[in-house]
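Visitor: Got coords-v1.pdb for you, PDB, C-alpha atoms:
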ATOM      1  CA  MET W   1     -44.689  62.384 -59.363
ATOM      2  CA  THR W   2     -42.038  61.761 -56.861
ATOM      3  CA  LYS W   3     -40.525  58.366 -57.066
ATOM      4  CA  ILE W   4     -39.482  56.825 -53.748
ATOM      5  CA  PHE W   5     -36.663  54.339 -53.992
ATOM      6  CA  ASN W   6     -36.060  51.889 -51.125
ATOM      7  CA  LYS W   7     -32.297  51.470 -50.808
ATOM      8  CA  ASP W   8     -30.810  48.522 -48.927
ATOM      9  CA  GLU W   9     -27.219  49.337 -48.245
ATOM     10  CA  GLY W  10     -25.009  46.263 -47.818
ATOM     11  CA  PHE W  11     -21.697  45.825 -46.044
ATOM     12  CA  THR W  12     -18.675  47.131 -47.754
ATOM     13  CA  GLY W  13     -15.747  44.780 -48.223
ATOM     14  CA  LEU W  14     -13.846  46.323 -45.283
ATOM     15  CA  GLU W  15     -16.759  45.952 -42.890
ATOM     16  CA  ALA W  16     -17.291  42.343 -43.914
ATOM     17  CA  ALA W  17     -13.608  41.615 -43.329
ATOM     18  CA  ILE W  18     -13.734  43.163 -39.836
ATOM     19  CA  VAL W  19     -16.773  41.084 -38.888
ATOM     20  CA  LEU W  20     -15.172  37.923 -40.277
ATOM     21  CA  ILE W  21     -11.964  38.553 -38.352
ATOM     22  CA  ALA W  22     -13.953  39.147 -35.153
ATOM     23  CA  PHE W  23     -15.795  35.832 -35.587
ATOM     24  CA  VAL W  24     -12.522  33.999 -36.274
ATOM     25  CA  VAL W  25     -10.863  35.468 -33.172
ATOM     26  CA  VAL W  26     -13.829  34.568 -30.948
ATOM     27  CA  ALA W  27     -13.937  31.032 -32.370
ATOM     28  CA  ALA W  28     -10.185  30.606 -31.848
ATOM     29  CA  VAL W  29     -10.381  31.775 -28.223
ATOM     30  CA  PHE W  30     -13.362  29.525 -27.567
ATOM     31  CA  SER W  31     -11.569  26.542 -29.123
ATOM     32  CA  TYR W  32      -8.476  27.225 -27.008
ATOM     33  CA  VAL W  33     -10.556  27.332 -23.836
ATOM     34  CA  VAL W  34     -12.377  24.100 -24.707
ATOM     35  CA  LEU W  35      -9.156  22.292 -25.616
ATOM     36  CA  GLY W  36      -7.451  23.556 -22.467
ATOM     37  CA  ALA W  37     -10.314  22.325 -20.323
ATOM     38  CA  GLY W  38     -10.181  18.956 -22.094
ATOM     39  CA  PHE W  39      -6.442  18.576 -21.521
ATOM     40  CA  PHE W  40      -6.825  19.574 -17.868
ATOM     41  CA  THR W  41      -9.620  17.044 -17.355
ATOM     42  CA  THR W  42      -7.569  14.297 -19.026
ATOM     43  CA  GLN W  43      -4.564  15.074 -16.840
ATOM     44  CA  LYS W  44      -6.644  14.983 -13.674
ATOM     45  CA  ALA W  45      -8.229  11.700 -14.757
ATOM     46  CA  GLN W  46      -4.772  10.189 -15.259
ATOM     47  CA  GLU W  47      -3.681  11.357 -11.813
ATOM     48  CA  VAL W  48      -6.762   9.774 -10.255
ATOM     49  CA  VAL W  49      -6.142   6.497 -12.097
ATOM     50  CA  TYR W  50      -2.479   6.359 -11.079
ATOM     51  CA  SER W  51      -3.356   7.237  -7.484
ATOM     52  CA  SER W  52      -6.068   4.574  -7.413
ATOM     53  CA  VAL W  53      -3.658   1.958  -8.733
ATOM     54  CA  ASP W  54      -1.109   2.883  -6.071
ATOM     55  CA  MET W  55      -3.724   2.673  -3.344
ATOM     56  CA  ALA W  56      -5.303  -0.551  -4.593
ATOM     57  CA  SER W  57      -2.121  -2.539  -5.127
ATOM     58  CA  SER W  58       0.287  -3.627  -2.445
ATOM     59  CA  SER W  59       4.001  -2.952  -2.846
ATOM     60  CA  MET W  60       5.005  -5.867  -0.590
ATOM     61  CA  GLU W  61       5.018  -9.637  -0.775
ATOM     62  CA  VAL W  62       6.122 -12.563   1.356
ATOM     63  CA  LEU W  63       9.238 -14.290   0.026
ATOM     64  CA  GLY W  64       9.217 -17.991   0.786
ATOM     65  CA  ASN W  65       7.351 -19.757   3.569
ATOM     66  CA  VAL W  66       5.730 -18.445   6.729
ATOM     67  CA  HIS W  67       7.117 -20.228   9.794
ATOM     68  CA  GLY W  68       5.539 -20.579  13.198
ATOM     69  CA  ASN W  69       7.606 -21.100  16.326
ATOM     70  CA  GLY W  70       5.685 -23.432  18.617
ATOM     71  CA  THR W  71       5.584 -24.631  22.192
ATOM     72  CA  VAL W  72       4.994 -28.387  22.336
ATOM     73  CA  ASN W  73       3.042 -30.076  25.123
ATOM     74  CA  PRO W  74       4.074 -33.763  24.984
ATOM     75  CA  SER W  75       1.436 -34.935  27.443
ATOM     76  CA  ASP W  76      -1.455 -33.272  25.600
ATOM     77  CA  PRO W  77      -0.729 -32.257  21.959
ATOM     78  CA  THR W  78      -4.001 -30.307  21.784
ATOM     79  CA  LEU W  79      -2.486 -27.812  24.230
ATOM     80  CA  SER W  80       0.500 -27.165  21.970
ATOM     81  CA  ARG W  81       0.489 -23.717  20.399
ATOM     82  CA  ILE W  82       2.318 -21.372  18.055
ATOM     83  CA  ASP W  83       3.756 -18.365  19.875
ATOM     84  CA  ALA W  84       5.431 -16.392  17.075
ATOM     85  CA  LEU W  85       5.440 -15.972  13.295
ATOM     86  CA  ARG W  86       8.524 -15.500  11.140
ATOM     87  CA  PHE W  87       8.614 -14.567   7.452
ATOM     88  CA  VAL W  88      10.676 -12.621   4.917
ATOM     89  CA  LEU W  89       9.209  -9.483   3.394
ATOM     90  CA  GLY W  90      10.237  -7.842   0.114
ATOM     91  CA  LEU W  91       8.927  -5.519  -2.567
ATOM     92  CA  THR W  92       6.915  -6.620  -5.568
ATOM     93  CA  ALA W  93       8.355  -5.964  -9.028
ATOM     94  CA  GLY W  94       8.249  -2.218  -9.558
ATOM     95  CA  GLY W  95       6.819  -1.644  -6.084
ATOM     96  CA  ALA W  96       7.389   1.659  -4.307
ATOM     97  CA  PRO W  97       9.607   1.676  -1.193
ATOM     98  CA  VAL W  98       7.801   1.158   2.113
ATOM     99  CA  ASP W  99       8.778   2.713   5.432
ATOM    100  CA  LEU W 100       8.438  -0.072   7.993
ATOM    101  CA  ALA W 101       8.726   2.481  10.796
ATOM    102  CA  ASN W 102       5.200   3.610   9.842
ATOM    103  CA  THR W 103       3.809   0.158   9.048
ATOM    104  CA  ASN W 104       1.298  -1.607  11.301
ATOM    105  CA  LEU W 105       0.624  -5.311  11.809
ATOM    106  CA  VAL W 106      -2.795  -6.639  12.831
ATOM    107  CA  PHE W 107      -3.177 -10.267  13.924
ATOM    108  CA  SER W 108      -6.567 -11.950  13.683
ATOM    109  CA  GLY W 109      -6.772 -15.352  15.353
ATOM    110  CA  SER W 110      -9.478 -17.681  16.551
ATOM    111  CA  GLU W 111      -9.853 -15.741  19.795
ATOM    112  CA  ASN W 112      -9.683 -12.028  18.995
ATOM    113  CA  LEU W 113      -8.140  -9.234  16.923
ATOM    114  CA  THR W 114      -4.858  -7.708  18.093
ATOM    115  CA  ASP W 115      -2.846  -4.714  16.922
ATOM    116  CA  LEU W 116       0.780  -5.731  17.268
ATOM    117  CA  LYS W 117       3.065  -2.899  18.292
ATOM    118  CA  ARG W 118       6.389  -2.168  16.632
ATOM    119  CA  ALA W 119       9.575  -2.824  18.515
ATOM    120  CA  ASP W 120      11.069   0.338  19.978
ATOM    121  CA  LYS W 121      14.127  -0.074  17.763
ATOM    122  CA  ILE W 122      12.108   0.253  14.529
ATOM    123  CA  LYS W 123      12.349   3.995  13.893
ATOM    124  CA  ALA W 124      13.007   5.972  10.736
ATOM    125  CA  THR W 125      15.861   7.783  12.499
ATOM    126  CA  ASN W 126      17.705   4.587  13.448
ATOM    127  CA  LEU W 127      20.419   3.324  11.131
ATOM    128  CA  ASP W 128      20.115  -0.200  12.565
ATOM    129  CA  VAL W 129      16.618  -1.491  13.340
ATOM    130  CA  VAL W 130      17.574  -5.175  13.686
ATOM    131  CA  THR W 131      16.876  -6.939  16.995
ATOM    132  CA  PRO W 132      18.543 -10.318  17.673
ATOM    133  CA  ILE W 133      15.892 -13.013  17.664
ATOM    134  CA  ALA W 134      16.979 -14.145  21.128
ATOM    135  CA  SER W 135      15.966 -10.712  22.458
ATOM    136  CA  ALA W 136      12.630 -10.608  20.602
ATOM    137  CA  THR W 137      10.475 -11.954  23.414
ATOM    138  CA  GLU W 138       7.831  -9.355  24.294
ATOM    139  CA  GLY W 139       4.313 -10.576  23.533
ATOM    140  CA  GLY W 140       2.152  -8.580  21.136
ATOM    141  CA  THR W 141       5.219  -7.054  19.459
ATOM    142  CA  TRP W 142       6.809  -7.454  16.033
ATOM    143  CA  TYR W 143      10.514  -7.146  15.352
ATOM    144  CA  ILE W 144      12.939  -6.979  12.446
ATOM    145  CA  VAL W 145      15.428  -9.778  13.153
ATOM    146  CA  ASP W 146      17.414  -9.793   9.901
ATOM    147  CA  ILE W 147      18.002  -7.662   6.786
ATOM    148  CA  THR W 148      19.749  -8.796   3.601
ATOM    149  CA  ASN W 149      20.650  -7.044   0.340
ATOM    150  CA  GLY W 150      20.514  -3.564   1.797
ATOM    151  CA  ASP W 151      21.253  -1.267   4.694
ATOM    152  CA  LYS W 152      19.949  -1.849   8.216
ATOM    153  CA  GLY W 153      17.468   1.034   8.157
ATOM    154  CA  SER W 154      13.674   0.781   8.285
ATOM    155  CA  LEU W 155      13.085   1.621   4.595
ATOM    156  CA  LEU W 156      12.164  -1.434   2.531
ATOM    157  CA  ASP W 157      13.452  -0.650  -0.946
ATOM    158  CA  ASN W 158      14.539  -2.464  -4.100
ATOM    159  CA  GLN W 159      16.187  -5.903  -3.626
ATOM    160  CA  LYS W 160      16.088  -5.539   0.162
ATOM    161  CA  GLN W 161      14.726  -8.448   2.192
ATOM    162  CA  VAL W 162      13.546  -8.024   5.762
ATOM    163  CA  THR W 163      12.818 -10.876   8.171
ATOM    164  CA  ILE W 164       9.847 -10.085  10.395
ATOM    165  CA  TYR W 165       9.359 -11.847  13.733
ATOM    166  CA  ALA W 166       5.929 -11.294  15.287
ATOM    167  CA  VAL W 167       5.463 -12.482  18.861
ATOM    168  CA  LEU W 168       1.798 -13.193  19.545
ATOM    169  CA  PRO W 169       0.093 -11.920  22.700
ATOM    170  CA  ALA W 170      -0.538 -14.364  25.529
ATOM    171  CA  ASP W 171      -4.307 -14.299  25.016
ATOM    172  CA  ASN W 172      -4.226 -14.854  21.251
ATOM    173  CA  LYS W 173      -2.070 -17.878  20.419
ATOM    174  CA  ILE W 174      -2.489 -20.238  17.461
ATOM    175  CA  HIS W 175      -3.706 -23.725  18.374
ATOM    176  CA  PRO W 176      -3.738 -26.882  16.228
ATOM    177  CA  ASN W 177      -5.855 -26.526  13.056
ATOM    178  CA  ASP W 178      -6.505 -22.832  13.771
ATOM    179  CA  SER W 179      -6.790 -20.441  10.836
ATOM    180  CA  PHE W 180      -5.399 -16.950  11.249
ATOM    181  CA  SER W 181      -4.647 -13.772   9.340
ATOM    182  CA  LEU W 182      -1.802 -11.314   9.709
ATOM    183  CA  GLU W 183      -2.470  -8.021   7.943
ATOM    184  CA  ILE W 184       0.425  -5.707   7.072
ATOM    185  CA  LYS W 185      -0.691  -2.098   6.672
ATOM    186  CA  PRO W 186       1.879   0.215   5.041
ATOM    187  CA  PRO W 187       1.552   4.016   5.290
ATOM    188  CA  VAL W 188       0.699   4.210   1.549
ATOM    189  CA  GLY W 189      -0.963   1.553  -0.583
ATOM    190  CA  ALA W 190      -3.156  -1.431   0.078
ATOM    191  CA  ALA W 191      -2.699  -3.741   3.038
ATOM    192  CA  TYR W 192      -1.131  -7.156   2.491
ATOM    193  CA  ALA W 193      -2.859 -10.074   4.233
ATOM    194  CA  ILE W 194      -1.111 -13.321   5.159
ATOM    195  CA  LYS W 195      -3.699 -16.070   5.676
ATOM    196  CA  ARG W 196      -2.502 -19.439   6.928
ATOM    197  CA  LYS W 197      -3.602 -22.456   8.957
ATOM    198  CA  ALA W 198      -1.773 -24.261  11.724
ATOM    199  CA  PRO W 199      -1.051 -27.984  11.304
ATOM    200  CA  ALA W 200      -2.837 -30.630  13.338
ATOM    201  CA  GLY W 201       0.410 -31.504  15.100
ATOM    202  CA  ILE W 202       2.387 -28.472  16.223
ATOM    203  CA  LYS W 203       6.176 -28.734  16.409
ATOM    204  CA  GLU W 204       8.821 -26.321  17.611
ATOM    205  CA  VAL W 205       9.207 -24.998  14.040
ATOM    206  CA  ASN W 206       6.250 -25.258  11.644
ATOM    207  CA  ILE W 207       5.734 -24.382   7.996
ATOM    208  CA  LEU W 208       2.305 -22.780   7.788
ATOM    209  CA  THR W 209       0.206 -23.291   4.664
TER     210      THR W 209
END
Kindly transcribe the structure held in the file into structure tokens.
Guide:
Amino acid sequence: MTKIFNKDEGFTGLEAAIVLIAFVVVAAVFSYVVLGAGFFTTQKAQEVVYSSVDMASSSMEVLGNVHGNGTVNPSDPTLSRIDALRFVLGLTAGGAPVDLANTNLVFSGSENLTDLKRADKIKATNLDVVTPIASATEGGTWYIVDITNGDKGSLLDNQKQVTIYAVLPADNKIHPNDSFSLEIKPPVGAAYAIKRKAPAGIKEVNILT
């Protein structure tokens, strides 16, 4: 009688070690790839958050009151009007510098919406962008009439204060009790809106609230 023996040969110790090492290497590479992808995703998410914060928050603020220069009609006060707006602009705490040479102003009154143009002197290449207020007379134009705590260039940076003088167009003046909005749109970041109301009795110089 021939006896048939079924032999199940197992792995030797060396073969088992090779297989184990192969599994460890594959697992390590896979873990590295997963961790790398996770770090990359986290970094991109942070960039998006920081970018969104920069875009959603304005770097500018109005320092002090907003004044309106008016023309008074003594015979009929209802025909008196505000012809120009004057205010001081500065950066918020920790705000990024703003190039006023690329900033737009949009005036919204009771009559229509107007894009105010920058004065010709307000250019990034000019070392002095200040226009004397006596020469700031063109309607539908905004000027820089004074700069303190900094150079005379168009860049609004830390501690610098810029006085803006916006002359309203002839067809979009502010009348007594009129509400209006002046929107300042920087090249980067959210727009800053100034919303005020004219007093019932307009004077030559008015504090707008």
Visitor: So the first atom is CA of Pro132 (chain W) and the second is CA of Asn102 (chain W); what is the distance between them in Å, to one decimal place?
Guide: 20.8 Å
Visitor: For Ile194 (chain W), please output as number ranges by chain all residues within 9 Å (counting all atoms listed in the file; exclusion window: fewer than 5 positions along the same chain).
Guide: W: 62, 66, 180-184
Visitor: Counting only C-alpha atoms, figure out which residue out of W:Thr163, W:Ser80, W:Ser110, W:Thr148 gets nearest to Gly64 (chain W).
Guide: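 The answer is W:Thr163, which sits nearest to Gly64 (chain W).
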Visitor: Rounded to one decimal place, report the CA of Ala136 (chain W)-CA of Asn206 (chain W) distance in Å.
Guide: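 For CA of Ala136 (chain W) relative to CA of Asn206 (chain W), the distance reads 18.3 Å.
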Visitor: From the list W:Ala28, W:Ala198, W:Ala166, W:Leu208, which residue is nearest Thr114 (chain W) when using all atoms listed in the file?
Guide: W:Ala166
Visitor: I'd like to know which of W:Leu100, W:Val34, W:Leu85, W:Val25 is closest to Asn126 (chain W), using all atoms listed in the file.
Guide: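 The shortest atom-to-atom distance to Asn126 (chain W) comes from W:Leu100.
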Visitor: Around region 16-20 of chain W, fit a box with edges along x, y and z, padding it by 8 Å on each side, then list its centre and edge lengths in Å to one decimal as lines of an AutoDock Vina configuration file.
Guide:
center_x = -15.4
center_y = 40.5
center_z = -41.4
size_x = 19.7
size_y = 21.2
size_z = 21.0
Visitor: Convert the output of the PyMOL selection byres ((chain W and resi 158) around 10) on the shown file into explicit residues, formatted as a ChimeraX atom specification.
Guide: /W:90-98,149-150,155-157,159-161
Visitor: Given the file shown, determine the residues that the PyMOL selection byres ((chain W and resi 209) around 7) selects; report them as a PyMOL selection string.
Guide: chain W and resi 196-197+207-208
Visitor: Record the distance separating CA of His175 (chain W) and CA of Asn104 (chain W), expressed in Å with one decimal.
Guide: 23.8 Å
Visitor: Using the chain letters and numbers from the file, give me the residues hit by the PyMOL selection byres ((chain W and resi 123) around 12), as a PyMOL selection string.
Guide: chain W and resi 99-103+118-122+124-130+143-144+152-155
Visitor: Could you check which of W:Asn177, W:Asn112, W:Ser135, W:Asn69 is closest to Ala84 (chain W), using all atoms listed in the file?
Guide: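 Ranked by minimum distance to Ala84 (chain W), first place goes to W:Asn69.
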Visitor: Which residue is closest to Lys117 (chain W)? Choose from W:Leu79, W:Val145, W:Pro169, W:Ile174 and count all atoms listed in the file.
Guide: W:Pro169
